[in-house]
Structure formats: structure tokens, C-alpha cells
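This report refers to the structure that appears directly beneath it.
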Amino acid sequence: MTAQILDGKATAAAIKSDLTARVTVLRERGITPGLGTLLVGDDPGSRWYVNGKHRDCAEVGIASIQRELPATATQEEIEAVVHELNDDPECTGYIVQLPLPKGIDTNRVLELMDPAKDADGLHPMNLGRLVLGVEAPLPCTPYGIIQLLRHHGVEIKGAYIVVVGRGITVGRSIPLLLTRKSENATVTQCHTGTRDLGMHLRQADIIVSAAGVRHIIKPEDVKPGAAVLDVGVSRDENGKIAGDVHPGVAEVAGWISPNPGGVGPMTRAQLLVNVVEAAERAAVAAAG
Ligand SMILES: Nc1nc2c(c(=O)[nH]1)N[C@@H](CN(C=O)c1ccc(C(=O)N[C@@H](CCC(=O)O)C(=O)O)cc1)CN2
């Protein structure tokens with residue numbers, strides 16, 4: 001392997017240490033930030049992610065509010081919990097773990113959330129604010145990726161970045177962040193329907209792959225020295241979890257994010273940032 005590692009675990013640990021200090025200040029002022037989660041169904045992966053989020057909360061001093069519903073929950077039952085979390089003063093920010101079971105209208109659930117408590121930055125109003133360039137909680141994985149690149153000194157400004165994927169949590173929103181004046185990158189969005197994906201990838205200074213297609217990023221399609229971020233999660237024929245990036249890419253790239261240990265821990269760290277910032281905003285509003 002010649003590529004340097006974009007170490008998400010270490011970067012997330014540094015972010016969490018800063019947050020612990022900010023939470024202490026809030027608590028001294030009588031404000032305890034609280035993260036709520038709503039998990040619907042019994043998918044072991046989703047449960048693992050939600051448990052991880054609450055472990056992180058305990059580490060930095062954020063309170064946890066855990067709500068669960070069975071896979072058979074109706075739209076109305078899910079919406080009732082969303083209303084409860086909106087009204088719960090101890091819950092300063094929350095997430096609805098995705099994906100929701102088949103048959104549930106996810107967009108409607110997200111729309112019903114109080115945008116001021118949207119810890120994922122996925123509420124339509126907050127995504128709209130992002131488009132307008134107005135302050136809003138930032139989507140966790142996209143902003144986590146930017147923090148990971150910054151932390152390792154990978155130049156984003158002026159870079160040509162190819163994003164592979166168009167899902168709600170990463171692909172749709174990361175171009176919005178990367179093309180802001182503060183980042184000033186040029187972005188092409190590709191996806192599984194893109195003709196000649198390799199032609200786009202070979203020109204990229206930075207590749208962000210969130211397609212969920214095992215090894216869609218191949219060594220021959222990566223420019224030597226490029227930074228490659230692997231966000232994809234899929235399962236191989238034996239049920240083993242695999243990323244989007246072929247292991248051979250590490251011999252060509254200049255930087256690579258391991259998967260696990262790269263973007264995942266950054267997603268979780270950014271979630272905590274959003275919860276703390278929401279509590280800080282609420283404290284300012286209450287004071288003034
Ligand atoms: N409401 C949301 N739902 C989902 C999101 C999201 O951001 N908000 N993203 C994904 C899942 N996810 C967070 O919820 C998530 C995925 C992975 C990790 C992580 O830390 N992964 C580890 C490895 C885990 C393993 O070994 O299985 C890593 O990359 O090191 C954190 C969060 C879909 N749903």
C-alpha cells in the first residue's frame with residue numbers, strides 16, 4: 001500500500017474531545033444536550049449504528065433518548081413518535097434511523113420533524129437552507145468527509161471531485177457542500193446510470209464513492225495521487241460487508257479512507273456536533 005490513510009477514528013476522537021469541553025460549558029449553564037433516536041424494525045446493522053450513536057453520546061456527556069418501534073409499525077405510529085420527540089424538551093436533537101421499513105413514506109416522516117431538532121440535516125427545510133447558503137445543521141456524512149479531508153491537509157479548494165452516488169444521506173447533498181465558496185471545489189455527480197464512469201473518475205483529484213456497489217472504484221480508474229473516500233456498504237456473495245473501493249486502489253491513490261474506520265466514525269462525530277450546536281443555538285435564543 002502506498003496511499004496515506006484518512007484516519008476517521010482518530011479524527012473523530014479529536015472532534016469528540018472538543019465537544020466534551022463544549023458540553024461541559026452547556027451543562028454548567030444548566031443545559032444538557034439530548035440526542036433522540038427512532039429505530040423502526042429489527043435490522044441488525046441499523047441497531048448497531050443506533051447503539052454506536054448512543055455510546056458516543058455517553059462519551060461526550062450528551063443525554064440519550066431511545067425510541068423503538070417494531071417492523072410492523074404503521075405510518076401513524078411512526079409519526080406519533082416524531083411528534084413526541086418534537087415536543088420533548090429533553091430531546092434537543094434527534095434522528096430517524098434510515099432506511100425505514102418498506103411501505104413507510106420516509107419523506108413525510110422527515111418533513112414532520114421539527115427542523116430545529118433535525119440532527120441529521122436531512123429535513124427539507126434544512127436541505128433548502130443549504131441550497132440558499134443559510135446556516136443550517138449540515139448532513140453528517142458529507143460534512144464528516146470534508147472534515148476528514150481538512151484534518152489531513154488534502155486540498156479541496158480548486159480540486160476536481162467526482163461523487164459516485166445519489167442517495168439521500170450522501171450523494172445528493174455533498175455536491176452542495178463542496179461547491180460552496182468556503183470549499184470552492186468543482187464537482188461532477190455520477191451514479192450507477194453514468195455512461196463511462198471510468199472516464200470521469202480518471203480525471204478526479206478526489207473521489208467520493210457512495211454507490212453501495214462492491215469495488216465499483218477500480219485501480220485503473222484512479223489518477224495516481226488522488227484521494228479516494230469509500231462510503232459504500234454492500235455485502236459480497238458470502239454476506240461479508242464490502243466497500244465501493246477495490247483494495248488495489250491503495251497502490252495508486254495518494255490518500256484512501258479505510259472502510260471501516262474512515263467515513264463511518266466521522267458521520268457519528270458530525271451527528272454529535274449537530275446536537276451540540278442545536279443546544280448552543282437554543283441556549284442563545286433562550287438568553288436573548
Ligand atoms: N438517519 C440516518 N440514517 C442513516 C445514516 C445517517 O447518516 N442518518 N447513514 C447510514 C448509517 N449510519 C448512520 O446512521 C452509519 C453507518 C456506519 C457507521 C460506522 O461507524 N461504520 C463503521 C463500521 C461499522 C461496521 O463495522 O459494521 C466504520 O465505518 O468504521 C456509522 C453510521 C444509513 N442510515
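Numbering starts fresh at 1 for the residues of each chain in the C-alpha cells, the chains themselves are lettered A, B, ... in the order given, and ligands are numbered from 1 as they appear.
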
In stretch 182-241 of chain A, DSSP strand (DSSP E or B) residues written as a ChimeraX atom specification: /A:186-190,206-209,217,227-230,234-235,241

Test item: residues at most 8 Å from A:Thr74, only C-alpha atoms, excluding those fewer than 3 positions along its chain, as number ranges by chain: A: 77-78, 104

Preceding selection exported with C-alpha atoms as a PDB file, in the first residue's frame:
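Output contents, as saved in again.pdb:
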```pdb
ATOM      1  CA  GLU A  77     -47.428   5.127  14.869  1.00  0.00           C
ATOM      2  CA  ILE A  78     -44.116   6.399  13.500  1.00  0.00           C
ATOM      3  CA  ILE A 104     -43.462   3.827   5.016  1.00  0.00           C
TER       4      ILE A 104
END
```

Nearby polymer residues, ligand 1, at most 9 Å, only C-alpha atoms and all ligand atoms, as JSON, numbers by chain: {"A": [8, 9, 37, 38, 45, 46, 48, 49, 50, 52, 53, 94, 95, 96, 97, 98, 99, 100, 119, 120, 121, 122, 139, 140, 141, 168, 169, 170, 231, 233, 241, 258, 259, 260, 261, 262, 263, 264, 265, 266, 267, 268, 271]}

Å distance separating atom CA of A:Gln75 from atom CA of A:Val109, one decimal place: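 These atoms are spaced 8.1 Å apart.
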
A:Ala204 surroundings by only C-alpha atoms, 9 Å radius, close-in-sequence under 2 positions cut, as a PyMOL selection string: chain A and resi 159-162+200-202+206-207+222-223+226-227

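From atom CA of A:Pro101 back to atom CA of A:Pro137, the distance works out to 25.4 Å.
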
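The space between atom CA of A:Ala185 and atom CA of A:Asp118 spans 26.7 Å.
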
Residues flagged helix (DSSP H, G or I) by DSSP in stretch 46-141 of chain A, as a VMD selection string: chain A and resid 46 to 60 75 to 87 106 to 112 115 to 117 124 to 132 140 to 141

Written file, previous selection with C-alpha atoms, as a JSON list (two decimals), in the first residue's frame:
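File written: selection23.json
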```json
[["chain", "number", "residue", "atom", "x", "y", "z"],
["A", 46, "SER", "CA", -29.34, -0.20, 11.88],
["A", 47, "ARG", "CA", -29.47, -1.30, 15.52],
["A", 48, "TRP", "CA", -25.67, -1.42, 15.62],
["A", 49, "TYR", "CA", -25.42, 2.12, 14.21],
["A", 50, "VAL", "CA", -28.01, 3.47, 16.66],
["A", 51, "ASN", "CA", -26.28, 1.82, 19.64],
["A", 52, "GLY", "CA", -22.99, 3.34, 18.45],
["A", 53, "LYS", "CA", -24.57, 6.80, 18.37],
["A", 54, "HIS", "CA", -25.69, 6.41, 22.00],
["A", 55, "ARG", "CA", -22.26, 5.13, 23.07],
["A", 56, "ASP", "CA", -20.75, 8.27, 21.50],
["A", 57, "CYS", "CA", -23.27, 10.44, 23.39],
["A", 58, "ALA", "CA", -22.25, 8.87, 26.71],
["A", 59, "GLU", "CA", -18.59, 9.56, 25.87],
["A", 60, "VAL", "CA", -19.09, 13.32, 25.45],
["A", 75, "GLN", "CA", -47.11, 5.36, 9.31],
["A", 76, "GLU", "CA", -49.34, 6.85, 12.04],
["A", 77, "GLU", "CA", -47.43, 5.13, 14.87],
["A", 78, "ILE", "CA", -44.12, 6.40, 13.50],
["A", 79, "GLU", "CA", -45.48, 9.91, 13.08],
["A", 80, "ALA", "CA", -46.78, 9.85, 16.68],
["A", 81, "VAL", "CA", -43.24, 9.21, 17.98],
["A", 82, "VAL", "CA", -41.91, 12.01, 15.77],
["A", 83, "HIS", "CA", -44.44, 14.39, 17.36],
["A", 84, "GLU", "CA", -43.41, 13.20, 20.85],
["A", 85, "LEU", "CA", -39.74, 13.87, 20.11],
["A", 86, "ASN", "CA", -40.63, 17.29, 18.67],
["A", 87, "ASP", "CA", -42.37, 18.13, 21.96],
["A", 106, "THR", "CA", -39.91, 8.39, 4.56],
["A", 107, "ASN", "CA", -40.18, 11.89, 3.11],
["A", 108, "ARG", "CA", -43.37, 12.55, 5.04],
["A", 109, "VAL", "CA", -41.72, 11.36, 8.28],
["A", 110, "LEU", "CA", -38.71, 13.64, 7.69],
["A", 111, "GLU", "CA", -40.99, 16.59, 6.86],
["A", 112, "LEU", "CA", -42.83, 16.21, 10.18],
["A", 115, "PRO", "CA", -36.28, 21.41, 11.67],
["A", 116, "ALA", "CA", -34.65, 22.97, 14.74],
["A", 117, "LYS", "CA", -34.15, 19.46, 16.17],
["A", 124, "PRO", "CA", -36.34, 19.52, 3.60],
["A", 125, "MET", "CA", -36.15, 22.96, 5.19],
["A", 126, "ASN", "CA", -32.54, 22.43, 6.23],
["A", 127, "LEU", "CA", -31.59, 21.00, 2.82],
["A", 128, "GLY", "CA", -33.28, 24.07, 1.30],
["A", 129, "ARG", "CA", -31.28, 26.34, 3.61],
["A", 130, "LEU", "CA", -28.15, 24.61, 2.41],
["A", 131, "VAL", "CA", -29.11, 25.41, -1.19],
["A", 132, "LEU", "CA", -29.71, 29.06, -0.20],
["A", 140, "CYS", "CA", -23.49, 14.27, 8.78],
["A", 141, "THR", "CA", -21.65, 12.07, 6.27]]
```

Residues within 10 Å of A:Glu220, only C-alpha atoms, excluding chain neighbours under 4 positions, as a list in words: Gly198, Leu201, Arg202, Pro224, Gly248, Val249 and Val252 of chain A

Taking N, CA and C atoms for each residue, export the selection above as a PDB file, in the first residue's frame.
```
ATOM      1  N   GLY A 198     -15.542   5.411 -15.702  1.00  0.00           N
ATOM      2  CA  GLY A 198     -14.073   5.468 -15.632  1.00  0.00           C
ATOM      3  C   GLY A 198     -13.527   6.760 -16.231  1.00  0.00           C
ATOM      4  N   LEU A 201     -13.869   9.313 -13.539  1.00  0.00           N
ATOM      5  CA  LEU A 201     -13.028   9.031 -12.365  1.00  0.00           C
ATOM      6  C   LEU A 201     -11.556   9.322 -12.638  1.00  0.00           C
ATOM      7  N   ARG A 202     -11.100   9.001 -13.858  1.00  0.00           N
ATOM      8  CA  ARG A 202      -9.665   9.132 -14.140  1.00  0.00           C
ATOM      9  C   ARG A 202      -9.173  10.577 -14.096  1.00  0.00           C
ATOM     10  N   PRO A 224      -3.173   8.633 -10.325  1.00  0.00           N
ATOM     11  CA  PRO A 224      -2.140   8.472  -9.283  1.00  0.00           C
ATOM     12  C   PRO A 224      -2.109   9.694  -8.359  1.00  0.00           C
ATOM     13  N   GLY A 248      -6.990  -2.805  -4.502  1.00  0.00           N
ATOM     14  CA  GLY A 248      -5.843  -2.403  -5.322  1.00  0.00           C
ATOM     15  C   GLY A 248      -5.697  -0.885  -5.478  1.00  0.00           C
ATOM     16  N   VAL A 249      -6.762  -0.143  -5.178  1.00  0.00           N
ATOM     17  CA  VAL A 249      -6.722   1.325  -5.307  1.00  0.00           C
ATOM     18  C   VAL A 249      -5.658   1.919  -4.366  1.00  0.00           C
ATOM     19  N   VAL A 252      -2.416   2.979  -5.886  1.00  0.00           N
ATOM     20  CA  VAL A 252      -2.407   4.069  -6.873  1.00  0.00           C
ATOM     21  C   VAL A 252      -2.707   5.421  -6.208  1.00  0.00           C
TER      22      VAL A 252
END
```

Residue nearest A:Ala253 among A:Glu277, A:Ala3, A:Ala283, A:Arg166 (counting only C-alpha atoms): A:Ala3

Exercise: A:Ile65 partners within 8 Å, only C-alpha atoms, chain neighbours under 2 positions left out, as a PyMOL selection string: chain A and resi 34-37+63+67+91

Would you mind exporting C-alpha atoms of the selected residues as a PDB file, in the first residue's frame?
```
ATOM      1  CA  GLY A  34     -30.001  15.224  24.451  1.00  0.00           C
ATOM      2  CA  LEU A  35     -29.937  13.079  21.295  1.00  0.00           C
ATOM      3  CA  GLY A  36     -33.110  11.186  20.430  1.00  0.00           C
ATOM      4  CA  THR A  37     -33.151   8.248  18.023  1.00  0.00           C
ATOM      5  CA  ALA A  63     -28.071  12.511  27.200  1.00  0.00           C
ATOM      6  CA  ARG A  67     -37.320   5.150  20.916  1.00  0.00           C
ATOM      7  CA  CYS A  91     -34.504  15.970  23.348  1.00  0.00           C
TER       8      CYS A  91
END
```

Pick from A:Ile217, A:Ile31, A:Ala282, A:Ala250, whichever lies nearest to A:Thr2 using only C-alpha atoms: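 Checking each of A:Ile217, A:Ile31, A:Ala282, A:Ala250 against A:Thr2, counting only C-alpha atoms, the winner is A:Ala250.
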